[in-house]
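Enquirer: Take a look at this one; I'll ask things after.
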Amino acid sequence: MQIAIIGSGYVGLVTGACFAEFGYHVTCVDKDASKIESLSQGIIPIYEPGLESLVQQTQRMGRLSFTTNLKDTVAQADAVFIAVGTPSRRGDGHADLSYVYAAAEEIADALDGYTVVVTKSTVPVGTCRKVLEIIQEKVKKNNSLAEFDVASNPEFLREGSAINDFMRPDRVVIGTESDGMGHDRARAVLHQLYRPLYLIETPIVFTGIETAELIKYAANGFLAMKIAFINEMADICEQVGANVQDVAKAIGLDGRIGRKFLHVGPGYGGSCFPKDTLALTRTAREVGSPTSIIESVVKSNEDRKQSMAYKVLQAIGYKPGMEKTIAVLGLTFKPNTDDMRDAPSLTIIPILQKAGIKIQAYDPVGCQEAKKHLRNIVWSKDAYEAIEGADALIILTEWNEFRALNFDKMIQKMKYPCLIDFRNIYRPEEMISTGFDYISIGRPTIYGAQLGSQKTAFVA
Ligand SMILES: NC(=O)c1ccc[n+]([C@@H]2O[C@H](COP(=O)([O-])OP(=O)(O)OC[C@H]3O[C@@H](n4cnc5c(N)ncnc54)[C@H](O)[C@@H]3O)[C@@H](O)[C@H]2O)c1
C-alpha cells in the first residue's frame, strides 16, 4: 500500500512516520521546500518526543520519504491524506479551508487509477463533500479516467505524546460513504490501513462522512468545556476558601465525569482547542443551531487568559509607574512541545509589558518559536538566570524541570520571593517553609515571605 501525506506539519509528520512504522510506504509532501530539505536529512523542524528517531529509522528502512512533488506522489498513491493547516480565518473565526481546497485541486490534477482521498485535517462539516466536488469537477474537466472516493479520518493525537496517541489511540474514526450499490471501497482501504491497530483491539468507529467531521469538533468542544468548567470552579474556590484540587479529585472519581481534563490553569491554548471551539460556534450558527455552551466556553477561556495577567498585577501590588521585573518560566501552550499557537503566554505577557513590567523568560524548548511572537523579552538560558533580580516568578507551563526548583537558591537571586504557580505544580503546604509568597489557582495563598514561615494567610 502506497500512502501520500499532503502537509508535513505535526499531524502529517506523525501520521506519515507511524504508517511507515506499520510497514506501509509513505511519502510526505509539503510546499515548504526548506522543511522538506531538512526532513530528507532526518532533521525534524518541530519538537515532538520520539519523532526524530522514528522518522530517521523509517527513512533508513526506505519506507518514509519526503518531497515537494505532489503530482508524482499522488499518482502512485492508494490513499492520500490531506493534513494541511486549518487555522482560524482572520476576522470571523471560521476555519480557513483555503489550504484544504488548494490541496484538493492539486490532488485532482494528479490522480491516477483508484485512490482514496482522506481529510485528516480538522474540518467543519461539509468540507469533505466540498473536496469531493472539487475533485469530481477537475477530473471531469481533465478528461481523466482516475477513480476516487473521499473519506474523513479526523486525528485525535496530542502534541507531546503524539506517537503514542497515534499508535495506541482510544479509537479511530472513519467516515465514508457507499456507492449506492452497497460497495464502500474507501472503507475497505482504510480498514486495511488501520489493520495493525485493529489487531490490538483499538475500537474503529465507522460512520458517515458528516458524522466523522462533527465527532472531532464535539470531542474538542467537550474537552475544552471540562477545562473551562474547572477553571471557573477554581475562581469560586478562591472566593470561598475552598481547594479546587480536592474538588477536581472528588468529582473526577465519579465515573460519569472522569478525572482527565480537570486540571486548572491559565486557560487552554494550542493549535486545536481555541480554533476548533471557535469554528464549532460558527458552524453551529450557520446551520441555525447555535451552541450557547461552546460559545460560553470560548468566552470564558478568552476572559481567563486576560484575568490571569490581572491576577499577577494584583499579586505584586502593581500601581502605575512602578518598576517591576517578572520572571516567566514556560512559554509554550503545554510541556513537551515547542508549539506557541494560542499559548496563554501570548496574552498574559503583553498585558504585563503594557503595564511597564520587564519580563525575563525561559522555556526549555520554546524560546526560538516564542521569539517570533513576543518582543522586548530578556531571554534566559535557564530558570535561575530568569529569576535574577525578579519581583515575582510565574510558572506558566508545567515543564518537568520546573517541578523541583531549588528555593534556597532562588530566594537569594530574587528581589522578592513571590511564586505565582499557574499550573499548581507545588502544594501550598510544602511552600510554607520556603519563605516564598505562593499564589496558585483555586487554592489557599501562602504569605511565607511577608509574614514569616509560621504564619499563613488564606485569601478569601
Ligand atoms: N497539531 C495538533 O496537535 C493536531 C491534532 C489533531 C488535529 N490537528 C489538525 O490537523 C491539521 C494540521 O495541523 P498541524 O498542526 O499539523 O498543521 P501545521 O501548520 O503544523 O502543518 C501544516 C503543513 O501543511 C503544509 N501545506 C499547506 N498547504 C499545502 C499544500 N497544498 N501542499 C503541501 N503542503 C501544504 C504547510 O506548509 C505545513 O507544513 C489541522 O487541521 C489541525 O487542526 C492538529
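Just remember, in the C-alpha cells the first chain shown is A, the second B, etc., residues are 1-based per chain, and ligands are 1-based in the order shown.
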Show me which residues sit within 6 Å of ligand 1 when counting only C-alpha atoms and all ligand atoms, and put them as a VMD selection string.

Expert: chain A and resid 6 to 12 29 to 32 83 to 86 99 102 to 103 121 to 122 155 to 159 271 to 272

Enquirer: Check the DSSP output for the backbone and give back, as a ChimeraX atom specification, the residues of stretch 99-319 of chain A in alpha helix (DSSP H).

Expert: /A:99-110,127-141,162-167,185-193,195-199,209-240,244-252,273-286,292-315

Enquirer: Go through A:Ile209, A:Arg195, A:Glu133, A:Leu313 one by one, measure the shortest atom-to-atom distance of each to A:Ala151 using only C-alpha atoms, and give the residue with the smallest value.

Expert: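 Smallest separation from A:Ala151 among the options: A:Ile209.
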
Enquirer: Residues at most 12 Å from A:Lys354, counting only C-alpha atoms, excluding those fewer than 2 positions away in the same chain, as a PyMOL selection string?

Expert: chain A and resi 309-310+313+320-321+347-352+356-359+375-376

Enquirer: Would you export the selected residues with N, CA and C atoms as a JSON list (two decimals), in the first residue's frame, please?

Expert:
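Listing of again06.json after writing:
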```json
[["chain", "number", "residue", "atom", "x", "y", "z"],
["A", 309, "ALA", "N", -3.45, 37.73, 33.81],
["A", 309, "ALA", "CA", -2.49, 38.84, 33.83],
["A", 309, "ALA", "C", -2.83, 39.79, 34.98],
["A", 310, "TYR", "N", -4.13, 40.04, 35.19],
["A", 310, "TYR", "CA", -4.53, 40.95, 36.28],
["A", 310, "TYR", "C", -4.25, 40.32, 37.64],
["A", 313, "LEU", "N", -0.73, 41.14, 38.34],
["A", 313, "LEU", "CA", -0.56, 42.55, 38.75],
["A", 313, "LEU", "C", -1.02, 42.75, 40.19],
["A", 320, "PRO", "N", 0.47, 51.99, 38.73],
["A", 320, "PRO", "CA", 1.09, 52.59, 37.54],
["A", 320, "PRO", "C", 2.38, 53.32, 37.89],
["A", 321, "GLY", "N", 3.37, 53.16, 37.03],
["A", 321, "GLY", "CA", 4.64, 53.85, 37.24],
["A", 321, "GLY", "C", 5.67, 53.02, 37.98],
["A", 347, "THR", "N", -1.00, 36.07, 25.53],
["A", 347, "THR", "CA", -1.97, 37.07, 26.03],
["A", 347, "THR", "C", -1.44, 37.72, 27.31],
["A", 348, "ILE", "N", -0.92, 36.88, 28.21],
["A", 348, "ILE", "CA", -0.55, 37.36, 29.54],
["A", 348, "ILE", "C", 0.67, 38.31, 29.49],
["A", 349, "ILE", "N", 1.71, 37.89, 28.79],
["A", 349, "ILE", "CA", 2.95, 38.69, 28.78],
["A", 349, "ILE", "C", 2.73, 40.09, 28.19],
["A", 350, "PRO", "N", 2.08, 40.23, 27.03],
["A", 350, "PRO", "CA", 1.88, 41.60, 26.51],
["A", 350, "PRO", "C", 1.09, 42.51, 27.46],
["A", 351, "ILE", "N", 0.13, 41.95, 28.21],
["A", 351, "ILE", "CA", -0.62, 42.80, 29.17],
["A", 351, "ILE", "C", 0.33, 43.30, 30.26],
["A", 352, "LEU", "N", 1.19, 42.42, 30.73],
["A", 352, "LEU", "CA", 2.14, 42.82, 31.77],
["A", 352, "LEU", "C", 3.13, 43.87, 31.22],
["A", 356, "GLY", "N", 4.14, 48.18, 31.87],
["A", 356, "GLY", "CA", 5.51, 48.67, 32.13],
["A", 356, "GLY", "C", 6.40, 47.66, 32.83],
["A", 357, "ILE", "N", 5.96, 46.40, 32.90],
["A", 357, "ILE", "CA", 6.75, 45.40, 33.61],
["A", 357, "ILE", "C", 7.79, 44.78, 32.69],
["A", 358, "LYS", "N", 8.98, 44.62, 33.25],
["A", 358, "LYS", "CA", 10.06, 43.99, 32.48],
["A", 358, "LYS", "C", 9.93, 42.47, 32.62],
["A", 359, "ILE", "N", 10.04, 41.76, 31.48],
["A", 359, "ILE", "CA", 9.87, 40.30, 31.51],
["A", 359, "ILE", "C", 11.19, 39.60, 31.21],
["A", 375, "ARG", "N", 7.97, 40.27, 21.95],
["A", 375, "ARG", "CA", 9.03, 41.26, 21.78],
["A", 375, "ARG", "C", 9.49, 41.77, 23.15],
["A", 376, "ASN", "N", 10.69, 42.38, 23.15],
["A", 376, "ASN", "CA", 11.22, 43.04, 24.35],
["A", 376, "ASN", "C", 11.28, 42.14, 25.58]]
```

Enquirer: So that I can check the surroundings of A:Pro169, please list as a PyMOL selection string every protein, DNA and RNA residue that reaches within 12 Å of it, counting only C-alpha atoms and ignoring chain neighbours fewer than 4 positions away.

Expert: chain A and resi 155-158+161-165+173+194+196-198+200-205

Enquirer: Deliver the residues from the most recent selection as a file, using C-alpha atoms, as a CSV table (one decimal), in the first residue's frame.

Expert:
```csv
chain,number,residue,atom,x,y,z
A,155,GLU,CA,-6.9,13.0,14.1
A,156,PHE,CA,-7.0,13.0,17.9
A,157,LEU,CA,-3.3,13.0,18.7
A,158,ARG,CA,-1.9,15.3,21.3
A,161,SER,CA,2.6,12.3,23.2
A,162,ALA,CA,1.7,12.2,19.5
A,163,ILE,CA,3.3,9.0,18.6
A,164,ASN,CA,1.8,7.0,21.4
A,165,ASP,CA,-1.6,8.6,20.7
A,173,VAL,CA,-12.9,7.4,13.4
A,194,TYR,CA,-5.6,0.6,10.2
A,196,PRO,CA,-2.3,-3.0,12.8
A,197,LEU,CA,-4.5,-1.1,15.3
A,198,TYR,CA,-7.4,-3.4,14.7
A,200,ILE,CA,-4.5,-4.5,19.2
A,201,GLU,CA,-8.3,-4.2,19.6
A,202,THR,CA,-8.5,-0.4,19.0
A,203,PRO,CA,-12.1,0.5,18.6
A,204,ILE,CA,-12.7,1.6,15.0
A,205,VAL,CA,-15.8,3.7,14.6
```

Enquirer: Would you pick out the contacts of stretch 181-188 of chain A at 9 Å or less, using only C-alpha atoms, so that residues sharing its chain but fewer than 6 positions from it are not included, and give the list as a list in words?

Expert: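 Here the qualifying residues turn out to be Ala79, Thr115, Val116, Val117, Val118, Phe148, Asp149, Val150, Ala151, Ile174, Gly175 and Phe206 of chain A.
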
Enquirer: Can you tell me, as a ChimeraX atom specification, which residues in stretch 185-434 of chain A count as strand (DSSP E or B) by DSSP?

Expert: /A:204-207,325-329,358-362,377-379,392-395,418-421

Enquirer: Find the residues near A:Ala20: any atom within 10 Å, counting only C-alpha atoms, skip ones fewer than 4 places away on the same chain, and give them as a ChimeraX atom specification.

Expert: /A:2-3,14-16,24-27,54-55,57-59,61-65

Enquirer: Atoms to include: C-alpha atoms. Write the selected residues as an mmCIF file, in the first residue's frame.

Expert:
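Written out: part_0.cif:
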```
data_model
loop_
_atom_site.group_PDB
_atom_site.id
_atom_site.type_symbol
_atom_site.label_atom_id
_atom_site.label_comp_id
_atom_site.auth_asym_id
_atom_site.auth_seq_id
_atom_site.Cartn_x
_atom_site.Cartn_y
_atom_site.Cartn_z
ATOM 1 C CA GLN A 2 1.389 3.412 -1.019
ATOM 2 C CA ILE A 3 0.399 6.392 1.090
ATOM 3 C CA VAL A 14 3.419 11.880 12.846
ATOM 4 C CA THR A 15 0.849 10.169 10.617
ATOM 5 C CA GLY A 16 3.450 9.527 7.942
ATOM 6 C CA TYR A 24 3.499 0.909 4.531
ATOM 7 C CA HIS A 25 5.392 3.018 2.028
ATOM 8 C CA VAL A 26 4.756 6.654 2.799
ATOM 9 C CA THR A 27 5.721 9.866 1.054
ATOM 10 C CA LEU A 54 11.034 7.238 14.273
ATOM 11 C CA VAL A 55 11.439 9.378 11.155
ATOM 12 C CA GLN A 57 14.510 4.802 11.401
ATOM 13 C CA THR A 58 11.663 4.510 8.847
ATOM 14 C CA GLN A 59 13.666 6.619 6.381
ATOM 15 C CA MET A 61 14.355 1.306 6.061
ATOM 16 C CA GLY A 62 13.246 3.001 2.853
ATOM 17 C CA ARG A 63 9.597 3.273 3.866
ATOM 18 C CA LEU A 64 9.396 7.030 4.504
ATOM 19 C CA SER A 65 10.442 9.785 2.144
#
```

Enquirer: Skip A:Asn231 itself and residues of its chain fewer than 6 positions away, then list as a list in words all residues within 10 Å of it, counting only C-alpha atoms.

Expert: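 What passes the distance filter is Met225, Cys237, Val244, Leu262, His263, Val264, Gly265, Pro266, Gly267, Tyr268, Ser300, Asn301, Arg304, Ile441 and Gly442 of chain A.
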
Enquirer: Measuring between only C-alpha atoms, which one of A:Arg256, A:Lys415, A:Lys226, A:His191 shows the shortest distance to A:Ala392?

Expert: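 Checking each of A:Arg256, A:Lys415, A:Lys226, A:His191 against A:Ala392, counting only C-alpha atoms, the winner is A:Lys415.
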